[in-house]
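Working notes, structure below.
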There are 2 protein chains.
Amino acid sequence: MSHFEIVKKSKTSKARAGILHTPHGPIETPVFMPVGTQGTVKSLTPQHLHDINAQIILSNTYHLALRPGSKLIKEAGGLHKWIAWPKPILTDSGGFQVFSLSKMRKITDTGVTFQSHIDGSKHLFTPKSVIDFQHDFGTDIMMPLDICTPYPATEEETARDLAITTQWETEAAEYWRSLNTPQLLFAIVQGGMYPHLRDRSVEALIKLDLPGYAIGGVSVGEPIDKMYPIIAHTTPQLPENKPRYLMGVGLPENLEYAIAQGVDMFDCVLPTRLARHGQLFTTTGKLTIKNEQFKTDPLPIDPLCQCYTCTHFSRSYLRHLFMAKELLAMTLLSLHNVHYLIQFVQKIRDDILAS
Amino acid sequence: MSHFEIVKKSKTSKARAGILHTPHGPIETPVFMPVGTQGTVKSLTPQHLHDINAQIILSNTYHLALRPGSKLIKEAGGLHKWIAWPKPILTDSGGFQVFSLSKMRKITDTGVTFQSHIDGSKHLFTPKSVIDFQHDFGTDIMMPLDICTPYPATEEETARDLAITTQWETEAAEYWRSLNTPQLLFAIVQGGMYPHLRDRSVEALIKLDLPGYAIGGVSVGEPIDKMYPIIAHTTPQLPENKPRYLMGVGLPENLEYAIAQGVDMFDCVLPTRLARHGQLFTTTGKLTIKNEQFKTDPLPIDPLCQCYTCTHFSRSYLRHLFMAKELLAMTLLSLHNVHYLIQFVQKIRDDILAS
């Protein structure tokens, strides 16, 4: 039985419209997943997320495992109940954060040791332990421990990271099968900016026959003319009948490109992070709300947008909130940006269906 | 024609249940008014305020006149439209903030000069100019410029402040009448902790025959055994057939006491300020969310509360958000505290009606 069904293939590109079935319900793809690192999409309530048709959110295993701990969440009835979000949740493995946020990290025979960025406490993450964390959370889609090779990296460094990642993912897949859980485990393709290493990664991971395939190790600081070829090269090699998830990519133009290559799922902190810095997506390009020109502007952020922010508030008022450092600015601007990306992807799905 | 009707007088105290008619609709009294200093009740959307049955909010003339300026708000269609709050708004006069926030303040023949706390720019507020600001805002209830005598203050200082305040209020009332606006102007009784100065203030202000009467100059740092006698002494001297507003008082026990003395309206920053510091009102007393004891507590803040926060989230999750410095903590905790006070006063009104 497959978890993923393709409803329609685009007639003009490699894009697909699909449905991914998870323990907490179906997700229509392509889909943008807002990021709720610490069990909350920053400044938004679950009601806000529901209102803007968020189908699934992402949360971070690294953050939640360190604070408050996976056992606490398990005993609270699981992550969905604890954060009051009844729809699907994907959790990453924590690998990316171990290598970007923590201190004193060291790869050992069994996994990776590091010091928490919160309190300096020492931890060991292993391919099994990060599955255990996510099993405790009860998330719908789990990700395996990996090394997200930074940019730039030599071929030698990238190959060494990839070998460890492949070993870890093989262990994770085996352990996940032994749990016999309805939670889905995705594989993560690594290999940096080296196409033949990407090929090596795909070849190994396809053998694991997991429910979904992610492309990791992009959007790590490389220029767009390095990222796009890797997406174009890797995506069509992933199993046709399984969902494809491009990790950490969230600019509208990038989503559009990747969907046309056959990617189905995206996550990114950009819409909320940019919003907190007053940077807004609009159908006519980016808007910086603090600009003097908006001081008396009666228009909404985007006159074509139907979000709560755009149907109630002017650029003038939003600029005032932002300049006065009011918390409501964070909520209203985040709501707009997340809604914008969700709608942007939904519109592409509609176009695929109509193609 | 009176703006205020008393629906029922309590059989057990001096409390009254009434209805105050304003240009933006009726308000059932007694009422608690959440404070939205800069045109936003901190961290809450207008939708949140609507959902918790806020009938009226307060905004600060000092803050809005300095930033973004009253003319900008007037040209945007008025404060209600600009902040997307269609129900009544009360604005204070800015007097309190001039004397508590600004620098280099100096009383002149015509008003008070001061330097803005935002950028040091120099300003003059006069009895007429603060009415003009509020006329530009289009708020339902306006307050006249006054001097809120700090605590402690000598009788001489208090009497001197009161003489100026009375003069300013007389000028404000005259100017307000000349505007022939449906906006209501309230008087503010001052006189500090000296009952005979309070008497002097009431006597002068009653002659102005304004639509409502406020008690200012309490909750300025004095102990409760100084505040309560002033409330008990002053309230019954205010016109029976007009709304009575106790400024800046917002602890539940204080509201209960003052309503029993015949007060109808309250505002206070405490519910939102305490919430941002993790201090929560409950039917069994104050709760400090960061306390270790709540780390795994599955109960809501108050099991008897029906607010969005209490019907969706545990103390455990809210503590996590607070400890992780997540913005959502500010929203959810503020929502609870404001809802709590609104419901607390609504319940007292129900009791008056049932007495």
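Naming works like this for the structure tokens: A, B, ... for the chains as they're shown, residue 1 at the start of each chain, ligands 1 onward in shown order.
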Among the residues of region 190-347 of chain A, find those DSSP assigns to alpha helix (DSSP H) from the backbone and print them as number ranges by chain. A: 195-206, 224-234, 252-260, 270-276, 308-312, 315-323, 327-347
Report as a PyMOL selection string the set of chain A residues whose atoms approach chain B to within 9 Å, with distances computed over only C-alpha atoms. chain A and resi 38-45+67-68+72-73+75-76+81-84+295-298+312-314+316-317+320-321+324+326-332
Based on DSSP run over this structure's backbone, return all residues of region 186-236 of chain A in strand (DSSP E or B), as a ChimeraX atom specification. /A:186-189,212-215
Residue neighbourhood Met33 (chain A), 6 Å, only C-alpha atoms, exclusion window fewer than 2 positions, as number ranges by chain: A: 56-57, 266-267
Put those residues in a file: N, CA and C atoms, as a compact mmCIF listing (two decimals), in the first residue's frame.
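Contents of part-v8.txt, freshly written:
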```
# COMPACT_ATOMS: atom_id res chain seq x y z
N ILE A 56 0.40 21.12 7.18
CA ILE A 56 1.40 20.39 7.95
C ILE A 56 2.43 21.41 8.41
N ILE A 57 2.95 21.23 9.61
CA ILE A 57 4.05 22.10 10.06
C ILE A 57 5.27 21.23 10.37
N PHE A 266 8.22 21.37 0.79
CA PHE A 266 9.20 22.40 1.15
C PHE A 266 9.00 22.84 2.59
N ASP A 267 10.10 23.24 3.21
CA ASP A 267 10.00 23.93 4.50
C ASP A 267 11.04 25.04 4.47
```
Which one is closest to Pro229 (chain A): A:Tyr194, A:Ala214, A:Arg244, A:Ala17? Count only C-alpha atoms.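 Answer, going by the shortest atom-to-atom distance: A:Tyr194.
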Selected residue of minimal separation from Ala163 (chain B) among B:Ser178, B:Asn60, B:Ser121, B:Gln190, counting only C-alpha atoms: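 Counting only C-alpha atoms, the residue closest to Ala163 (chain B) is B:Gln190.
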With only C-alpha atoms as the counted atoms, please give the residues lying no more than 10 Å from region 256-265 of chain B, apart from itself and same-chain residues fewer than 4 positions off, as a PyMOL selection string. chain B and resi 9-10+12-20+27-33+213-215+228+231-236+238+240+242-247+249-252+344-345+348-349+352
With C-alpha atoms retained, write the just-selected residues as an mmCIF file, in the first residue's frame.
```cif
data_model
loop_
_atom_site.group_PDB
_atom_site.id
_atom_site.type_symbol
_atom_site.label_atom_id
_atom_site.label_comp_id
_atom_site.auth_asym_id
_atom_site.auth_seq_id
_atom_site.Cartn_x
_atom_site.Cartn_y
_atom_site.Cartn_z
ATOM 1 C CA LYS B 9 -28.521 49.043 41.513
ATOM 2 C CA SER B 10 -27.101 46.326 43.718
ATOM 3 C CA THR B 12 -25.994 44.654 48.791
ATOM 4 C CA SER B 13 -23.567 47.470 47.908
ATOM 5 C CA LYS B 14 -23.280 50.778 46.077
ATOM 6 C CA ALA B 15 -22.565 48.895 42.820
ATOM 7 C CA ARG B 16 -24.527 49.669 39.666
ATOM 8 C CA ALA B 17 -25.038 47.865 36.352
ATOM 9 C CA GLY B 18 -25.432 50.312 33.506
ATOM 10 C CA ILE B 19 -25.158 51.006 29.814
ATOM 11 C CA LEU B 20 -22.968 53.781 28.424
ATOM 12 C CA ILE B 27 -20.889 49.503 26.643
ATOM 13 C CA GLU B 28 -22.266 47.425 29.474
ATOM 14 C CA THR B 29 -20.879 48.587 32.816
ATOM 15 C CA PRO B 30 -19.093 47.799 35.056
ATOM 16 C CA VAL B 31 -16.459 47.239 32.391
ATOM 17 C CA PHE B 32 -12.732 46.537 32.210
ATOM 18 C CA MET B 33 -10.969 48.291 29.321
ATOM 19 C CA TYR B 213 -16.299 61.490 35.825
ATOM 20 C CA ALA B 214 -12.972 59.803 36.424
ATOM 21 C CA ILE B 215 -10.931 59.370 39.574
ATOM 22 C CA TYR B 228 -9.195 52.437 49.282
ATOM 23 C CA ILE B 231 -11.993 55.631 46.432
ATOM 24 C CA ALA B 232 -14.598 55.224 49.169
ATOM 25 C CA HIS B 233 -14.541 58.954 49.918
ATOM 26 C CA THR B 234 -14.644 60.228 46.342
ATOM 27 C CA THR B 235 -16.897 57.843 44.410
ATOM 28 C CA PRO B 236 -20.227 58.579 46.129
ATOM 29 C CA LEU B 238 -19.637 61.886 41.804
ATOM 30 C CA GLU B 240 -25.108 59.370 40.378
ATOM 31 C CA LYS B 242 -23.057 59.543 35.079
ATOM 32 C CA PRO B 243 -20.411 56.890 34.482
ATOM 33 C CA ARG B 244 -17.542 56.781 36.981
ATOM 34 C CA TYR B 245 -14.120 55.673 35.830
ATOM 35 C CA LEU B 246 -11.270 54.689 38.157
ATOM 36 C CA MET B 247 -8.078 55.222 36.189
ATOM 37 C CA VAL B 249 -6.579 50.229 38.644
ATOM 38 C CA GLY B 250 -6.697 46.602 37.499
ATOM 39 C CA LEU B 251 -6.093 43.956 40.141
ATOM 40 C CA PRO B 252 -9.198 41.780 40.561
ATOM 41 C CA PHE B 344 -14.269 38.841 36.295
ATOM 42 C CA VAL B 345 -16.044 42.189 35.843
ATOM 43 C CA ILE B 348 -19.825 41.014 38.975
ATOM 44 C CA ARG B 349 -22.257 42.720 36.594
ATOM 45 C CA ILE B 352 -25.574 42.970 40.381
#
```
Mind checking which residues fall within 6 Å of region 86-89 of chain B, counting only C-alpha atoms, ignoring those fewer than 4 positions away in the same chain, and posting them as a list in words?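 Once the nearby chain positions are removed, what remains is His24, Ile56, Ile57, Leu58, His80, Thr139 and Asp140 of chain B.
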Could you list, as a PyMOL selection string, every residue within 8 Å of Thr166 (chain B), counting only C-alpha atoms and ignoring same-chain residues fewer than 4 positions away? chain B and resi 146+162+170+201+204-205
Write out as a VMD selection string the residues lying within 12 Å of Gly120 (chain A), counting only C-alpha atoms and excluding same-chain residues fewer than 3 positions away. chain A and resid 66 101 to 105 113 to 117 123
